[in-house]
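See below for model.cif, which holds mmCIF, C-alpha atoms.
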data_target
#
loop_
_atom_site.group_PDB
_atom_site.id
_atom_site.type_symbol
_atom_site.label_atom_id
_atom_site.label_comp_id
_atom_site.auth_asym_id
_atom_site.auth_seq_id
_atom_site.Cartn_x
_atom_site.Cartn_y
_atom_site.Cartn_z
ATOM 1 C CA MET G 476 47.743 140.284 -30.710
ATOM 2 C CA SER G 477 45.968 138.104 -33.260
ATOM 3 C CA SER G 478 46.351 134.334 -33.163
ATOM 4 C CA GLY G 479 47.007 131.657 -35.743
ATOM 5 C CA ALA G 480 48.903 132.275 -38.964
ATOM 6 C CA SER G 481 47.765 135.869 -39.314
ATOM 7 C CA ARG G 482 50.276 138.625 -38.731
ATOM 8 C CA PRO G 483 50.208 140.108 -35.215
ATOM 9 C CA VAL G 484 48.898 143.652 -34.927
ATOM 10 C CA GLY G 485 50.815 146.383 -33.154
ATOM 11 C CA CYS G 486 49.417 148.659 -30.464
ATOM 12 C CA LEU G 487 49.102 152.415 -30.763
ATOM 13 C CA TYR G 488 50.158 154.200 -27.580
ATOM 14 C CA GLY G 489 49.041 157.782 -27.029
ATOM 15 C CA VAL G 490 51.790 158.960 -24.701
ATOM 16 C CA GLY G 491 51.524 162.173 -22.702
ATOM 17 C CA VAL G 492 55.029 163.484 -22.091
ATOM 18 C CA GLY G 493 54.129 166.281 -19.689
ATOM 19 C CA PRO G 494 54.566 170.056 -19.843
ATOM 20 C CA GLY G 495 58.284 170.249 -20.522
ATOM 21 C CA ASP G 496 60.420 168.930 -17.679
ATOM 22 C CA PRO G 497 61.707 165.447 -18.696
ATOM 23 C CA GLU G 498 61.651 164.429 -15.025
ATOM 24 C CA LEU G 499 57.847 164.645 -15.146
ATOM 25 C CA LEU G 500 57.684 161.772 -17.626
ATOM 26 C CA THR G 501 55.852 158.905 -15.946
ATOM 27 C CA LEU G 502 57.614 155.585 -15.487
ATOM 28 C CA LYS G 503 55.108 153.987 -17.864
ATOM 29 C CA ALA G 504 55.766 156.616 -20.524
ATOM 30 C CA GLN G 505 59.498 155.967 -20.274
ATOM 31 C CA ARG G 506 59.011 152.197 -20.520
ATOM 32 C CA VAL G 507 56.743 152.451 -23.565
ATOM 33 C CA LEU G 508 59.002 154.931 -25.350
ATOM 34 C CA ARG G 509 62.067 152.737 -24.824
ATOM 35 C CA GLN G 510 60.429 149.572 -26.143
ATOM 36 C CA VAL G 511 58.384 150.695 -29.176
ATOM 37 C CA PRO G 512 60.043 150.468 -32.612
ATOM 38 C CA VAL G 513 58.200 153.545 -33.927
ATOM 39 C CA VAL G 514 57.769 156.993 -32.332
ATOM 40 C CA CYS G 515 55.454 159.541 -33.943
ATOM 41 C CA ALA G 516 56.356 163.182 -33.216
ATOM 42 C CA PRO G 517 53.916 165.945 -34.264
ATOM 43 C CA GLN G 518 55.420 169.325 -35.037
ATOM 44 C CA SER G 519 53.927 172.722 -35.779
ATOM 45 C CA ASP G 520 54.938 174.100 -39.158
ATOM 46 C CA THR G 521 56.082 177.261 -37.381
ATOM 47 C CA SER G 522 58.526 175.382 -35.111
ATOM 48 C CA HIS G 523 62.057 174.205 -35.830
ATOM 49 C CA GLU G 524 61.596 171.149 -33.617
ATOM 50 C CA SER G 525 58.851 169.095 -32.032
ATOM 51 C CA TYR G 526 58.264 170.308 -28.469
ATOM 52 C CA ALA G 527 57.195 166.826 -27.404
ATOM 53 C CA PHE G 528 60.261 165.262 -29.042
ATOM 54 C CA ASP G 529 62.545 167.628 -27.144
ATOM 55 C CA ILE G 530 61.071 166.362 -23.886
ATOM 56 C CA VAL G 531 61.721 162.680 -24.658
ATOM 57 C CA ARG G 532 65.016 163.115 -26.490
ATOM 58 C CA GLY G 533 66.950 161.450 -23.661
ATOM 59 C CA VAL G 534 64.653 158.417 -23.562
ATOM 60 C CA ILE G 535 64.423 157.276 -27.176
ATOM 61 C CA ASP G 536 67.137 156.113 -29.572
ATOM 62 C CA PRO G 537 66.721 157.398 -33.159
ATOM 63 C CA ALA G 538 69.441 154.989 -34.286
ATOM 64 C CA LYS G 539 67.269 152.015 -33.323
ATOM 65 C CA GLN G 540 63.749 153.478 -33.548
ATOM 66 C CA GLU G 541 61.891 154.928 -36.502
ATOM 67 C CA ILE G 542 60.863 158.547 -35.925
ATOM 68 C CA LEU G 543 57.781 159.650 -37.847
ATOM 69 C CA ARG G 544 57.425 163.425 -38.046
ATOM 70 C CA PHE G 545 54.288 165.223 -39.145
ATOM 71 C CA HIS G 546 54.203 168.987 -39.675
ATOM 72 C CA PHE G 547 50.788 170.505 -39.087
ATOM 73 C CA PRO G 548 49.548 174.091 -39.562
ATOM 74 C CA THR G 549 48.143 175.871 -36.531
ATOM 75 C CA ASP G 550 45.959 178.300 -38.477
ATOM 76 C CA ASP G 551 44.365 176.089 -41.159
ATOM 77 C CA ALA G 552 41.914 173.531 -39.789
ATOM 78 C CA ASP G 553 41.291 171.817 -43.129
ATOM 79 C CA GLU G 554 44.976 171.418 -43.896
ATOM 80 C CA ALA G 555 45.642 170.180 -40.362
ATOM 81 C CA ALA G 556 42.872 167.578 -40.739
ATOM 82 C CA SER G 557 44.552 166.373 -43.922
ATOM 83 C CA VAL G 558 47.851 166.010 -42.073
ATOM 84 C CA TRP G 559 46.218 163.952 -39.328
ATOM 85 C CA ARG G 560 44.567 161.654 -41.875
ATOM 86 C CA THR G 561 47.962 161.113 -43.479
ATOM 87 C CA ALA G 562 49.492 160.449 -40.069
ATOM 88 C CA ALA G 563 46.733 157.983 -39.204
ATOM 89 C CA GLY G 564 47.348 156.111 -42.440
ATOM 90 C CA ALA G 565 51.096 155.873 -41.831
ATOM 91 C CA ILE G 566 50.543 154.730 -38.254
ATOM 92 C CA ALA G 567 47.911 152.155 -39.224
ATOM 93 C CA GLN G 568 50.277 150.724 -41.843
ATOM 94 C CA ARG G 569 52.943 150.090 -39.232
ATOM 95 C CA LEU G 570 50.448 148.668 -36.759
ATOM 96 C CA ARG G 571 49.336 146.136 -39.378
ATOM 97 C CA GLN G 572 52.995 145.195 -39.804
ATOM 98 C CA GLY G 573 53.005 144.199 -36.145
ATOM 99 C CA LYS G 574 54.907 147.265 -34.951
ATOM 100 C CA ASP G 575 53.919 149.149 -31.813
ATOM 101 C CA VAL G 576 53.741 152.919 -32.302
ATOM 102 C CA ALA G 577 53.984 155.647 -29.665
ATOM 103 C CA PHE G 578 52.395 158.971 -30.586
ATOM 104 C CA ILE G 579 53.914 161.539 -28.246
ATOM 105 C CA THR G 580 52.133 164.703 -27.221
ATOM 106 C CA GLU G 581 52.964 167.403 -24.685
ATOM 107 C CA GLY G 582 50.790 167.423 -21.586
ATOM 108 C CA ASP G 583 48.091 164.760 -21.538
ATOM 109 C CA PRO G 584 46.773 162.959 -24.653
ATOM 110 C CA MET G 585 43.144 163.530 -23.655
ATOM 111 C CA LEU G 586 43.266 167.289 -23.026
ATOM 112 C CA TYR G 587 43.461 169.603 -26.066
ATOM 113 C CA SER G 588 45.909 167.195 -27.665
ATOM 114 C CA THR G 589 46.882 166.604 -31.286
ATOM 115 C CA PHE G 590 46.649 162.894 -30.526
ATOM 116 C CA SER G 591 42.867 163.118 -30.315
ATOM 117 C CA TYR G 592 42.673 163.996 -34.037
ATOM 118 C CA VAL G 593 44.822 161.044 -35.051
ATOM 119 C CA LEU G 594 42.893 158.736 -32.736
ATOM 120 C CA GLU G 595 39.617 159.813 -34.313
ATOM 121 C CA ALA G 596 40.980 159.243 -37.829
ATOM 122 C CA ILE G 597 42.304 155.788 -36.985
ATOM 123 C CA ARG G 598 39.125 154.672 -35.247
ATOM 124 C CA SER G 599 37.049 155.874 -38.192
ATOM 125 C CA HIS G 600 38.819 153.526 -40.600
ATOM 126 C CA ASP G 601 40.340 150.830 -38.375
ATOM 127 C CA PRO G 602 38.224 150.604 -35.217
ATOM 128 C CA ASP G 603 39.704 147.220 -34.250
ATOM 129 C CA LEU G 604 43.305 148.408 -34.008
ATOM 130 C CA PRO G 605 44.430 148.264 -30.363
ATOM 131 C CA VAL G 606 44.988 151.596 -28.626
ATOM 132 C CA GLU G 607 46.327 152.367 -25.142
ATOM 133 C CA ILE G 608 46.485 155.819 -23.566
ATOM 134 C CA VAL G 609 49.368 156.734 -21.268
ATOM 135 C CA PRO G 610 48.323 159.822 -19.256
ATOM 136 C CA GLY G 611 50.723 162.689 -18.726
ATOM 137 C CA VAL G 612 51.023 165.718 -16.479
ATOM 138 C CA SER G 613 48.934 168.467 -18.069
ATOM 139 C CA SER G 614 50.178 172.037 -18.382
ATOM 140 C CA VAL G 615 47.174 173.146 -16.313
ATOM 141 C CA MET G 616 48.345 171.185 -13.277
ATOM 142 C CA ALA G 617 51.972 172.070 -13.887
ATOM 143 C CA ALA G 618 51.183 175.791 -14.075
ATOM 144 C CA ALA G 619 49.191 175.670 -10.851
ATOM 145 C CA ALA G 620 52.131 173.949 -9.165
ATOM 146 C CA SER G 621 54.609 176.515 -10.508
ATOM 147 C CA ALA G 622 52.380 179.349 -9.280
ATOM 148 C CA SER G 623 51.743 177.575 -5.943
ATOM 149 C CA VAL G 624 48.031 178.256 -6.295
ATOM 150 C CA PRO G 625 45.301 175.626 -5.787
ATOM 151 C CA LEU G 626 43.001 175.525 -8.795
ATOM 152 C CA VAL G 627 39.940 174.570 -6.736
ATOM 153 C CA THR G 628 39.185 173.443 -3.187
ATOM 154 C CA HIS G 629 36.201 171.802 -1.516
ATOM 155 C CA GLY G 630 33.081 172.334 -3.636
ATOM 156 C CA GLN G 631 34.541 174.908 -6.020
ATOM 157 C CA ARG G 632 34.176 174.552 -9.771
ATOM 158 C CA LEU G 633 36.813 174.737 -12.496
ATOM 159 C CA VAL G 634 36.509 175.447 -16.231
ATOM 160 C CA ILE G 635 39.289 175.097 -18.827
ATOM 161 C CA LEU G 636 38.952 177.081 -22.052
ATOM 162 C CA PRO G 637 41.243 176.950 -25.113
ATOM 163 C CA ALA G 638 41.211 180.728 -25.655
ATOM 164 C CA VAL G 639 39.323 183.932 -24.940
ATOM 165 C CA TYR G 640 36.633 184.447 -27.549
ATOM 166 C CA GLY G 641 35.198 187.680 -26.157
ATOM 167 C CA ILE G 642 34.059 189.370 -23.013
ATOM 168 C CA ASP G 643 30.673 187.630 -23.045
ATOM 169 C CA ASP G 644 32.309 184.195 -23.039
ATOM 170 C CA LEU G 645 34.665 185.161 -20.240
ATOM 171 C CA LYS G 646 31.890 186.831 -18.278
ATOM 172 C CA GLU G 647 29.748 183.697 -18.466
ATOM 173 C CA ALA G 648 32.630 181.450 -17.389
ATOM 174 C CA ILE G 649 33.537 183.647 -14.450
ATOM 175 C CA ALA G 650 29.902 183.904 -13.383
ATOM 176 C CA ASN G 651 29.529 180.116 -13.259
ATOM 177 C CA TYR G 652 32.935 178.917 -12.089
ATOM 178 C CA ASP G 653 35.306 179.742 -9.258
ATOM 179 C CA THR G 654 38.453 179.269 -11.341
ATOM 180 C CA VAL G 655 38.911 179.823 -15.060
ATOM 181 C CA VAL G 656 41.975 178.558 -16.921
ATOM 182 C CA LEU G 657 42.582 180.043 -20.373
ATOM 183 C CA MET G 658 45.011 177.966 -22.429
ATOM 184 C CA LYS G 659 47.281 179.164 -25.249
ATOM 185 C CA VAL G 660 46.420 182.777 -24.606
ATOM 186 C CA ASN G 661 49.450 184.338 -26.322
ATOM 187 C CA ARG G 662 47.918 186.942 -28.641
ATOM 188 C CA THR G 663 44.518 187.026 -26.962
ATOM 189 C CA LEU G 664 45.977 187.964 -23.601
ATOM 190 C CA ILE G 665 45.720 191.693 -24.322
ATOM 191 C CA GLN G 666 41.965 191.332 -24.711
ATOM 192 C CA ALA G 667 41.840 189.131 -21.626
ATOM 193 C CA LEU G 668 43.530 191.836 -19.574
ATOM 194 C CA ALA G 669 40.937 194.364 -20.697
ATOM 195 C CA ASN G 670 38.172 191.893 -19.850
ATOM 196 C CA LEU G 671 39.531 191.367 -16.355
ATOM 197 C CA GLU G 672 39.431 195.099 -15.747
ATOM 198 C CA LYS G 673 35.848 195.355 -17.023
ATOM 199 C CA LEU G 674 34.768 192.421 -14.854
ATOM 200 C CA GLY G 675 36.355 193.814 -11.719
ATOM 201 C CA LEU G 676 38.951 191.033 -11.558
ATOM 202 C CA ALA G 677 42.111 193.092 -11.772
ATOM 203 C CA GLY G 678 44.861 191.344 -9.834
ATOM 204 C CA LYS G 679 43.072 187.994 -9.945
ATOM 205 C CA GLY G 680 44.971 186.565 -12.915
ATOM 206 C CA ILE G 681 48.275 184.667 -12.974
ATOM 207 C CA TYR G 682 50.101 184.173 -16.260
ATOM 208 C CA VAL G 683 52.320 181.090 -16.550
ATOM 209 C CA ARG G 684 54.591 180.598 -19.538
ATOM 210 C CA ARG G 685 56.347 177.289 -20.352
ATOM 211 C CA ALA G 686 55.754 175.764 -16.943
ATOM 212 C CA THR G 687 58.472 173.454 -15.548
ATOM 213 C CA THR G 688 61.007 174.406 -18.232
ATOM 214 C CA ALA G 689 64.159 176.507 -18.029
ATOM 215 C CA HIS G 690 62.154 179.316 -19.663
ATOM 216 C CA GLU G 691 59.332 179.215 -17.118
ATOM 217 C CA GLN G 692 57.791 182.567 -16.258
ATOM 218 C CA VAL G 693 55.150 183.209 -13.587
ATOM 219 C CA VAL G 694 53.686 186.714 -13.733
ATOM 220 C CA ARG G 695 51.232 187.926 -11.095
ATOM 221 C CA ASP G 696 51.108 191.551 -12.237
ATOM 222 C CA LEU G 697 49.716 191.155 -15.741
ATOM 223 C CA HIS G 698 50.353 194.799 -16.589
ATOM 224 C CA GLN G 699 54.064 193.951 -16.660
ATOM 225 C CA LEU G 700 53.635 191.636 -19.627
ATOM 226 C CA SER G 701 54.923 192.699 -23.022
ATOM 227 C CA GLU G 702 54.408 191.259 -26.501
ATOM 228 C CA GLU G 703 57.668 189.312 -26.116
ATOM 229 C CA ASP G 704 56.243 187.434 -23.126
ATOM 230 C CA PHE G 705 53.414 185.861 -25.099
ATOM 231 C CA ASP G 706 53.929 182.214 -25.902
ATOM 232 C CA TYR G 707 51.964 179.367 -27.469
ATOM 233 C CA PHE G 708 52.792 177.246 -24.412
ATOM 234 C CA SER G 709 51.208 179.557 -21.875
ATOM 235 C CA LEU G 710 48.028 179.896 -19.886
ATOM 236 C CA LEU G 711 46.187 182.277 -17.623
ATOM 237 C CA ILE G 712 44.692 181.242 -14.283
ATOM 238 C CA ILE G 713 41.859 183.442 -12.989
ATOM 239 C CA ARG G 714 40.594 182.845 -9.456
ATOM 240 C CA LYS G 715 37.717 184.896 -8.147
#

Can you give me the file's structure in the form of structure tokens?
Amino acid sequence: MSSGASRPVGCLYGVGVGPGDPELLTLKAQRVLRQVPVVCAPQSDTSHESYAFDIVRGVIDPAKQEILRFHFPTDDADEAASVWRTAAGAIAQRLRQGKDVAFITEGDPMLYSTFSYVLEAIRSHDPDLPVEIVPGVSSVMAAAASASVPLVTHGQRLVILPAVYGIDDLKEAIANYDTVVLMKVNRTLIQALANLEKLGLAGKGIYVRRATTAHEQVVRDLHQLSEEDFDYFSLLIIRK
């Protein structure tokens, strides 16, 4: 907070709300979300509701807190960047008014999170605005727990990739790491299955969809998957 006659400045909280189960919200996340006057909820333009907002619905009070919603496209990087700049401006305005703002994001704010884009935009224009990160349970850890499979042990190495870009990328990752986690594999999973066969890793993959939620699905025989099983909130764990 600033001193003297100047107006106090609010704090921006990047709050990880976990993979889906509200019981996996940390105590700190719950405390922050209950006390801030403003909650920022990102939402894909293809979704009817914010996934992160659904998780925290029982913690916040829309009657007493301002809910800022920002709809971002998932297939247009330039348009998405524009949305995040707009969001950063709206958040910065409220911070300068002395209001604390919680930007909620599924999983953890520092791992493939929409919050990172807003954080970058805010720091580019207002580097002195206070920011605090509240870690959350990532979908990677949640999926491993749901599948009851250790990601790595002892001196093993782990790599996390946002998607499968081709057999050469997957081949290189598998050659250099003991466990590969492919995130958001929905439509690329078909190619991933073919790659696993070519690399001699048939039966080594575990598909986890919407971990910790009522719609959770853990599939160990990937040949059983159909187009309907693919989901944006899914990942594939490959252990050699």

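What separates CA of Val593 in chain G from CA of Val615 in chain G is a distance of 22.4 Å.
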
Inset, instruction - Considering only C-alpha atoms, state which residue in the set G:Lys715, G:His600, G:His629, G:His546 is at the smallest distance from Ala567 in chain G. - result: G:His600

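Take the PyMOL selection byres ((chain G and resi 547) around 10) and apply it to this file: it picks Pro517, Gln518, Ser519, Asp520, Thr521, Ser522, Arg544, Phe545, His546, Pro548, Thr549, Asp550, Asp551, Ala552, Glu554, Ala555, Ala556, Ser557, Val558, Trp559 and Thr589 of chain G.
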
Inset, instruction - Enumerate, as a PyMOL selection string, the protein, DNA and RNA residues whose atoms approach (64.1, 155.8, -27.9) to within 8 Å, taking into account all atoms listed in the file and the coordinate frame of the file. - result: chain G and resi 508-511+514+531-537+539-540

Legend entry - Result set of the PyMOL selection byres ((chain G and resi 572) around 9) on the coordinates above, as a list of chain:residue names: G:Arg482, G:Pro483, G:Val484, G:Gly485, G:Ala567, G:Gln568, G:Arg569, G:Leu570, G:Arg571, G:Gly573, G:Lys574, G:Asp575

Inset, instruction - Using the chain letters and residue numbers of this document, give as a list in words the residues selected by the PyMOL selection byres ((chain G and resi 700) around 12). - result: Asn661, Arg662, Leu664, Ile665, Leu668, Ile681, Tyr682, Val683, Arg684, Gln692, Val693, Val694, Arg695, Asp696, Leu697, His698, Gln699, Ser701, Glu702, Glu703, Asp704, Phe705 and Asp706 of chain G

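With distances restricted to only C-alpha atoms, G:Ile712 is the closest residue to Pro625 in chain G from G:Ala648, G:Ile579, G:Ile597, G:Ile712.
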
Legend entry - Distance in Å - CA of Phe708 in chain G versus CA of Pro512 in chain G: 28.9 Å

Inset, instruction - Give the answer as one residue: which of G:Ala638, G:Leu626, G:Ala677, G:Ile566 has the shortest atom-to-atom distance to Val606 in chain G, using only C-alpha atoms? - result: G:Ile566

Legend entry - Pick from G:Gln505, G:Ser525, G:Ser599, G:Thr561 nearest to Thr580 in chain G, counting only C-alpha atoms: G:Ser525

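Between CA of Glu581 in chain G and CA of Pro497 in chain G lies a distance of 10.8 Å.
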
Inset, instruction - Between G:Tyr587, G:Tyr652, G:Phe578, G:Tyr707, single out the one closest to Gly630 in chain G, counting all atoms listed in the file. - result: G:Tyr652

Inset, instruction - Would you kindly return, as number ranges by chain, each protein, DNA or RNA residue with an atom no farther than 9 Å from any atom of Asn651 in chain G, considering only C-alpha atoms and excluding same-chain residues fewer than 4 positions away? - result: G: 632, 634, 646-647

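Here the question is which of G:Asp601, G:Leu487, G:Ala577, G:Gly611 gets nearest to Leu500 in chain G using only C-alpha atoms, and that residue is G:Gly611.
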
Legend entry - Expected residue set, 12 Å radius at (45.2, 171.3, -8.5), only C-alpha atoms, as a VMD selection string: chain G and resid 612 to 629 631 to 633 654 656 712

Inset, instruction - Considering all atoms listed in the file, return as a VMD selection string whatever protein or nucleic-acid residues lie within 10 Å of Ile649 in chain G, sequence-local ones (same chain, fewer than 6 positions apart) excluded. - result: chain G and resid 633 to 634 643 655 671 674 676 713 to 715
